[in-house]
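Encoded as structure tokens, the structure appears first; notes follow it.
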Amino acid sequence: MKPGLGPRAWGLGVFVVIALATSCRKSPVQPCPNTRLALIPPRPQALGPSPAFDSIFRSAGAEFHVPPALLASVGWVETRWQMLRGAEEFPGRPAAFGVMGLRGAALARGAALAGVTVDAARHDPVANIRAAAALLAAYAAEAGGDWNAATARYSEIDMPAGRGAYLAAVADAQSAPQPAPAPTIAAAACPPPDTTAGPDFPSSIWRPSPNFDQRATDSTGVPHMVIIHTCESNYPSCWSWLANPVSQVSAHYVVNEDGSEISQLVREPTRAWHIAALYDCALNRRHACWLDSVQSNHFTVGIEHAGFALQDSFPRGLLERSAALVCDITRDRAIPRDWQHIVGHGQLQPANRTDPGPNWPWIAYVHRVQALCGELVVDDSSQFNASSDARVVVPAGWQAADTTPDYYGGGYHWASTNPTATDGVEFSFYVAASGTRTLDARWTSGTNRSPQATYALITSAGDTVQIGPVDQRIGGGAWHALGTWMLPVGWNSVVLLRRGATGSVVVADGLRVR
Amino acid sequence: MASRTTVAMVVLAILTAGCGPRTEPRPSDSQASERASASSAVIPQDTAFKGTIAPVQRTRSLLPYAARPVLRAVRADRGGGPSPSYDRVVFEFTGDSVPGYRVQYTTGPVQRCGSGDRVSVAGTGRLLVRFEPAQAHDEQGNPTPSLAARHSAPGLTAVREITLICDFEGQVEWVLGVAAQAAYRVSELTGPARVVLDVSW
């Protein structure tokens, strides 16, 4: 069944959209996209592709001498401007493809006329619309310039009544009288600046991009990492291109130069197109090797930042706002906040990408994400700690290692248990305002781990609390709560001791305070 | 002499810019602009097509926020004068000089750089042409080479299909479907800045 034989409202919507887009075409940066969205009648997927196909309708129309409004209307009637990935609806009827719902022999003919391959005409929106335009132009020429006949033939509907309904739906879009403008746009050629909130990050601006598809439905499709990018351009150039269907690229978010604005382009639950690499855990401290060879877009959320991988430093405002965004994403998606889950594009795709470049302040950035989410982590290596509020002391004799993956930071320390040993790894953290804190410890997995690891909490007031024993044979590679205490202002510490029966090891990987 | 060269260069520039020729100047035609610009490469003579199948690379870096070369046109046609022996693909950029580039055959999968989607092209040879730093769209998010030029099947002897597979984060990459892996050569022209890729029949 052909879609779109329904309400006249669709045609009206098309007209308004086209009129708006036309009047705002000279807008330097933002062709008024979101007000357009508000005027479009409800669609099956409220957040699906936007009328960003306008530019293609215009250029393809110009190229093949087809009225762009006719192209847009036919596209709307056919698919409501969704990119169809063809599936055979009825036995014997070829599947429809693309924004224009092209199928079968018509698709092949349109592709040939437009000079594109059949494959491109199926899957590439630009090729699809150009093929449809070329086909409509050919039909019109063969009908002596009769666009109605051309459109009816395009519908491939045999029954006269069906053809009539199809033509009516398309014709409405072009002949309907211009509706009274909505009050908000009556005064100006362009509507006021858009302030539609992003659906996942409310303080972002929602500028939907059609460049996305669905994540895998199995565990590989669960958002698991945040990928940090730089645009290699300024902000308007960046988001406007990523929102254009021609670009075939996108990101979930774009942060501007000083952090005063964030655009959301793609919903977090769907798959944006920002990282081509297949995942390789060797590039990410052997974290999540079960995702090896999975296309990285499946399980990542991508953030573009205005600027360049080669720049010397990044503005404080950009970093601060970006960190707030990452805090929000990681909280909503239950993504751990560390350097294996907040990762640079270039790190995972070193063959041809370097962004965000050598001067992205990774340590401070992740610390800021943690702080905004109300947590502080003390690593077993000083290089991963902010000395202002986190310190570690590792006694001689504790071995550094990174053999077992899924550690925090760059590795962990371990020591053999000993019944008379008194030393331990001391994780200290500064408490600026007294209050209750939950403390989490972390170790890496292994059968030789101690079943009775002992911790001690030493407060800034000098009180000592023994914690444990904790069974380190289980639960490696994740945070585990030690308990919740009222802590005084100042430097408080947790010490992992190695006192215990010989024959096992204790692992000090980190302490989290929240 | 100097002034005559300058005049010739200006005339050539006007001709090429104003008329949008379907066929690029043959190597012999471009002597003036070559001599006028120390940075342009010497074009090999048609009669001695000594190409390569090894990667050809030139790197160029720009300061952050310096204007990137914008690809504004791509043209493909047969080359070589009265007795053609190769196909010529011309990539034309705004500004005075071309971006860095890398040209190489690949036997691995060809992917779009954002989505990772596989891209297939006609022919058994797949020639990748990457430009960096460069973009193929303007600052308002509009594509600069025509939509038709971003994916075309020119139907030439060697070059069967030309597809833009990446226009993202300062990289522009194309895949050329070549009838069979054949020698190619890369050269540069100025006024306007162009990278010229010849693929032997």
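Every chain in the structure tokens has a letter given in the order shown (A, B, ...), and although residue numbers restart at 1 in each chain, ligands are simply numbered from 1 in the order shown.
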Using only C-alpha atoms, find which residues of chain B lie within 6 Å of chain A and jot them down as an NGL selection string. :B and (64 or 113-116 or 139-141 or 152-153 or 169-170)
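The residue set within 9 Å of Ala364 in chain A, counting only C-alpha atoms and dropping same-chain residues fewer than 4 places from it, reads A:Arg368, A:Val369, A:Phe384, A:Asn385, A:Ala386.
One finds CA of Trp174 in chain B at 11.9 Å from CA of Thr106 in chain B.
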Thr107 in chain B environment, 9 Å, only C-alpha atoms, sequence neighbours closer than 3 positions dropped, as number ranges by chain: B: 110, 125-126
Go ahead and write the selection's residues with all heavy atoms as a short mmCIF file (atom, residue, chain, number, x, y, z; two decimals), in the first residue's frame.
data_model
loop_
_atom_site.label_atom_id
_atom_site.label_comp_id
_atom_site.auth_asym_id
_atom_site.auth_seq_id
_atom_site.Cartn_x
_atom_site.Cartn_y
_atom_site.Cartn_z
N VAL B 110 35.84 -0.44 1.93
CA VAL B 110 35.74 1.01 1.84
C VAL B 110 34.50 1.44 2.63
O VAL B 110 33.42 0.89 2.45
CB VAL B 110 35.61 1.46 0.38
CG1 VAL B 110 35.43 2.96 0.29
CG2 VAL B 110 36.85 1.02 -0.40
N GLY B 125 39.39 -2.23 -9.22
CA GLY B 125 40.37 -1.44 -8.48
C GLY B 125 39.68 -0.35 -7.70
O GLY B 125 38.73 0.28 -8.19
N ARG B 126 40.12 -0.15 -6.45
CA ARG B 126 39.51 0.91 -5.63
C ARG B 126 40.61 1.88 -5.21
O ARG B 126 41.48 1.53 -4.41
CB ARG B 126 38.80 0.31 -4.42
CG ARG B 126 37.61 -0.55 -4.82
CD ARG B 126 36.73 -0.86 -3.63
NE ARG B 126 37.41 -1.64 -2.62
CZ ARG B 126 37.53 -2.97 -2.63
NH1 ARG B 126 37.02 -3.66 -3.62
NH2 ARG B 126 38.15 -3.60 -1.66
#
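A straight line drawn from CA of Thr436 in chain A to CA of Ala371 in chain A is 16.0 Å long.
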If DSSP is run on the backbone, what residues of range 79-278 of chain A are strand (DSSP E or B)? A reply as a PyMOL selection string would be ideal. chain A and resi 84+96-98+102-103+197+205-206+212-214+225-228+233+253-255+262-264+270-272+278
Write the residues of the selection above to a file with N, CA, C and O atoms, as an mmCIF file, in the first residue's frame.
data_model
loop_
_atom_site.group_PDB
_atom_site.id
_atom_site.type_symbol
_atom_site.label_atom_id
_atom_site.label_comp_id
_atom_site.auth_asym_id
_atom_site.auth_seq_id
_atom_site.Cartn_x
_atom_site.Cartn_y
_atom_site.Cartn_z
ATOM 1 N N LEU A 84 13.570 5.319 3.504
ATOM 2 C CA LEU A 84 13.147 3.921 3.573
ATOM 3 C C LEU A 84 14.331 3.013 3.271
ATOM 4 O O LEU A 84 15.095 3.267 2.357
ATOM 5 N N ALA A 96 10.394 -0.540 -1.793
ATOM 6 C CA ALA A 96 10.628 0.882 -2.027
ATOM 7 C C ALA A 96 11.844 1.350 -1.234
ATOM 8 O O ALA A 96 12.118 0.843 -0.151
ATOM 9 N N PHE A 97 12.531 2.342 -1.815
ATOM 10 C CA PHE A 97 13.753 2.823 -1.178
ATOM 11 C C PHE A 97 13.782 4.335 -1.116
ATOM 12 O O PHE A 97 13.305 5.021 -2.026
ATOM 13 N N GLY A 98 14.382 4.819 -0.034
ATOM 14 C CA GLY A 98 14.763 6.216 0.050
ATOM 15 C C GLY A 98 13.614 7.166 0.340
ATOM 16 O O GLY A 98 12.463 6.768 0.515
ATOM 17 N N LEU A 102 11.321 5.107 -4.215
ATOM 18 C CA LEU A 102 11.550 4.520 -5.543
ATOM 19 C C LEU A 102 11.639 3.011 -5.444
ATOM 20 O O LEU A 102 12.132 2.461 -4.460
ATOM 21 N N ARG A 103 11.165 2.331 -6.483
ATOM 22 C CA ARG A 103 11.210 0.869 -6.447
ATOM 23 C C ARG A 103 11.371 0.301 -7.845
ATOM 24 O O ARG A 103 11.024 0.935 -8.843
ATOM 25 N N ALA A 197 14.330 22.868 23.400
ATOM 26 C CA ALA A 197 15.315 22.157 24.212
ATOM 27 C C ALA A 197 15.627 20.804 23.614
ATOM 28 O O ALA A 197 14.767 20.139 23.046
ATOM 29 N N ILE A 205 20.268 22.987 22.420
ATOM 30 C CA ILE A 205 19.290 23.363 21.399
ATOM 31 C C ILE A 205 19.092 22.173 20.471
ATOM 32 O O ILE A 205 20.064 21.582 19.987
ATOM 33 N N TRP A 206 17.855 21.838 20.240
ATOM 34 C CA TRP A 206 17.533 20.647 19.430
ATOM 35 C C TRP A 206 17.531 21.021 17.958
ATOM 36 O O TRP A 206 16.673 21.766 17.490
ATOM 37 N N PHE A 212 21.315 9.458 11.105
ATOM 38 C CA PHE A 212 21.389 8.502 12.210
ATOM 39 C C PHE A 212 20.612 7.263 11.804
ATOM 40 O O PHE A 212 19.867 7.276 10.827
ATOM 41 N N ASP A 213 20.803 6.199 12.532
ATOM 42 C CA ASP A 213 19.943 5.027 12.394
ATOM 43 C C ASP A 213 19.835 4.368 13.768
ATOM 44 O O ASP A 213 20.170 4.981 14.777
ATOM 45 N N GLN A 214 19.359 3.146 13.785
ATOM 46 C CA GLN A 214 19.089 2.513 15.074
ATOM 47 C C GLN A 214 20.310 1.744 15.565
ATOM 48 O O GLN A 214 21.055 1.155 14.785
ATOM 49 N N MET A 225 30.259 4.163 25.939
ATOM 50 C CA MET A 225 31.392 5.087 25.975
ATOM 51 C C MET A 225 30.962 6.428 25.384
ATOM 52 O O MET A 225 30.046 6.486 24.575
ATOM 53 N N VAL A 226 31.684 7.465 25.794
ATOM 54 C CA VAL A 226 31.491 8.792 25.219
ATOM 55 C C VAL A 226 32.740 9.115 24.403
ATOM 56 O O VAL A 226 33.866 8.949 24.893
ATOM 57 N N ILE A 227 32.542 9.534 23.148
ATOM 58 C CA ILE A 227 33.671 9.828 22.269
ATOM 59 C C ILE A 227 33.806 11.342 22.117
ATOM 60 O O ILE A 227 32.850 12.032 21.762
ATOM 61 N N ILE A 228 35.017 11.828 22.387
ATOM 62 C CA ILE A 228 35.302 13.262 22.330
ATOM 63 C C ILE A 228 35.940 13.590 20.974
ATOM 64 O O ILE A 228 36.938 12.985 20.588
ATOM 65 N N SER A 233 36.657 22.874 12.666
ATOM 66 C CA SER A 233 35.992 24.037 12.081
ATOM 67 C C SER A 233 35.358 24.807 13.225
ATOM 68 O O SER A 233 35.463 24.408 14.387
ATOM 69 N N TYR A 253 26.021 15.496 19.869
ATOM 70 C CA TYR A 253 26.081 16.871 20.371
ATOM 71 C C TYR A 253 27.221 17.631 19.704
ATOM 72 O O TYR A 253 28.223 17.042 19.297
ATOM 73 N N VAL A 254 27.053 18.966 19.651
ATOM 74 C CA VAL A 254 28.144 19.857 19.269
ATOM 75 C C VAL A 254 28.207 20.976 20.307
ATOM 76 O O VAL A 254 27.195 21.620 20.598
ATOM 77 N N VAL A 255 29.393 21.205 20.868
ATOM 78 C CA VAL A 255 29.606 22.257 21.865
ATOM 79 C C VAL A 255 30.316 23.425 21.185
ATOM 80 O O VAL A 255 31.278 23.210 20.435
ATOM 81 N N ILE A 262 25.144 24.509 23.252
ATOM 82 C CA ILE A 262 25.308 23.127 22.821
ATOM 83 C C ILE A 262 24.142 22.799 21.910
ATOM 84 O O ILE A 262 22.993 23.118 22.226
ATOM 85 N N SER A 263 24.424 22.182 20.771
ATOM 86 C CA SER A 263 23.362 21.670 19.901
ATOM 87 C C SER A 263 23.254 20.173 20.104
ATOM 88 O O SER A 263 24.272 19.474 20.121
ATOM 89 N N GLN A 264 22.026 19.687 20.250
ATOM 90 C CA GLN A 264 21.820 18.246 20.163
ATOM 91 C C GLN A 264 21.273 17.947 18.776
ATOM 92 O O GLN A 264 20.280 18.528 18.337
ATOM 93 N N THR A 270 19.661 6.585 19.843
ATOM 94 C CA THR A 270 19.889 6.170 18.456
ATOM 95 C C THR A 270 21.353 6.350 18.090
ATOM 96 O O THR A 270 22.130 6.944 18.821
ATOM 97 N N ARG A 271 21.687 5.826 16.922
ATOM 98 C CA ARG A 271 23.082 5.683 16.520
ATOM 99 C C ARG A 271 23.483 6.836 15.606
ATOM 100 O O ARG A 271 23.036 6.907 14.460
ATOM 101 N N ALA A 272 24.318 7.728 16.132
ATOM 102 C CA ALA A 272 24.857 8.808 15.298
ATOM 103 C C ALA A 272 26.045 8.261 14.504
ATOM 104 O O ALA A 272 26.553 7.182 14.778
ATOM 105 N N LEU A 278 36.062 0.181 13.610
ATOM 106 C CA LEU A 278 35.629 -0.979 14.370
ATOM 107 C C LEU A 278 36.406 -0.969 15.682
ATOM 108 O O LEU A 278 37.585 -0.639 15.715
#
Please identify all polymer residues within 7 Å of range 74-76 of chain A, counting only C-alpha atoms, omitting same-chain residues fewer than 4 positions from it, and present them as JSON, numbers by chain. {"A": [70, 80, 81, 99, 100, 170]}
Prev. selection, all heavy atoms, output as an mmCIF file, in the first residue's frame:
data_model
loop_
_atom_site.group_PDB
_atom_site.id
_atom_site.type_symbol
_atom_site.label_atom_id
_atom_site.label_comp_id
_atom_site.auth_asym_id
_atom_site.auth_seq_id
_atom_site.Cartn_x
_atom_site.Cartn_y
_atom_site.Cartn_z
ATOM 1 N N LEU A 70 7.135 20.170 -6.013
ATOM 2 C CA LEU A 70 6.539 18.895 -6.426
ATOM 3 C C LEU A 70 7.360 17.729 -5.876
ATOM 4 O O LEU A 70 6.812 16.756 -5.344
ATOM 5 C CB LEU A 70 6.459 18.818 -7.956
ATOM 6 C CG LEU A 70 5.961 17.478 -8.510
ATOM 7 C CD1 LEU A 70 4.519 17.222 -8.092
ATOM 8 C CD2 LEU A 70 6.087 17.434 -10.034
ATOM 9 N N ARG A 80 6.757 10.446 3.946
ATOM 10 C CA ARG A 80 6.815 11.450 5.010
ATOM 11 C C ARG A 80 8.261 11.844 5.296
ATOM 12 O O ARG A 80 8.658 12.124 6.415
ATOM 13 C CB ARG A 80 6.177 10.931 6.310
ATOM 14 C CG ARG A 80 4.713 10.534 6.162
ATOM 15 C CD ARG A 80 4.184 9.966 7.468
ATOM 16 N NE ARG A 80 2.854 9.458 7.361
ATOM 17 C CZ ARG A 80 2.549 8.262 6.878
ATOM 18 N NH1 ARG A 80 3.507 7.470 6.448
ATOM 19 N NH2 ARG A 80 1.314 7.863 6.815
ATOM 20 N N TRP A 81 9.070 11.856 4.246
ATOM 21 C CA TRP A 81 10.473 12.257 4.313
ATOM 22 C C TRP A 81 11.294 11.374 5.247
ATOM 23 O O TRP A 81 12.155 11.830 5.986
ATOM 24 C CB TRP A 81 10.616 13.731 4.724
ATOM 25 C CG TRP A 81 10.026 14.666 3.718
ATOM 26 C CD1 TRP A 81 9.774 14.428 2.401
ATOM 27 C CD2 TRP A 81 9.609 16.013 3.950
ATOM 28 N NE1 TRP A 81 9.238 15.530 1.803
ATOM 29 C CE2 TRP A 81 9.106 16.519 2.734
ATOM 30 C CE3 TRP A 81 9.612 16.835 5.080
ATOM 31 C CZ2 TRP A 81 8.625 17.813 2.611
ATOM 32 C CZ3 TRP A 81 9.125 18.118 4.965
ATOM 33 C CH2 TRP A 81 8.636 18.601 3.739
ATOM 34 N N VAL A 99 13.943 8.431 0.377
ATOM 35 C CA VAL A 99 12.978 9.481 0.673
ATOM 36 C C VAL A 99 11.847 9.478 -0.346
ATOM 37 O O VAL A 99 10.704 9.762 -0.017
ATOM 38 C CB VAL A 99 13.685 10.853 0.650
ATOM 39 C CG1 VAL A 99 12.695 11.967 0.921
ATOM 40 C CG2 VAL A 99 14.811 10.880 1.654
ATOM 41 N N MET A 100 12.170 9.118 -1.601
ATOM 42 C CA MET A 100 11.195 9.218 -2.666
ATOM 43 C C MET A 100 10.442 7.917 -2.910
ATOM 44 O O MET A 100 9.627 7.834 -3.822
ATOM 45 C CB MET A 100 11.870 9.671 -3.964
ATOM 46 C CG MET A 100 12.611 11.002 -3.852
ATOM 47 S SD MET A 100 11.577 12.373 -3.268
ATOM 48 C CE MET A 100 10.493 12.599 -4.686
ATOM 49 N N VAL A 170 -0.817 15.196 -3.439
ATOM 50 C CA VAL A 170 0.353 15.931 -3.913
ATOM 51 C C VAL A 170 -0.027 17.346 -4.329
ATOM 52 O O VAL A 170 0.675 18.316 -4.019
ATOM 53 C CB VAL A 170 1.006 15.169 -5.093
ATOM 54 C CG1 VAL A 170 2.123 16.003 -5.708
ATOM 55 C CG2 VAL A 170 1.547 13.826 -4.618
#
Shortest contact to Val118 in chain A, candidates B:Thr144, B:Ser120, B:Gln135, B:Thr52, atoms counted only C-alpha atoms, goes to B:Ser120
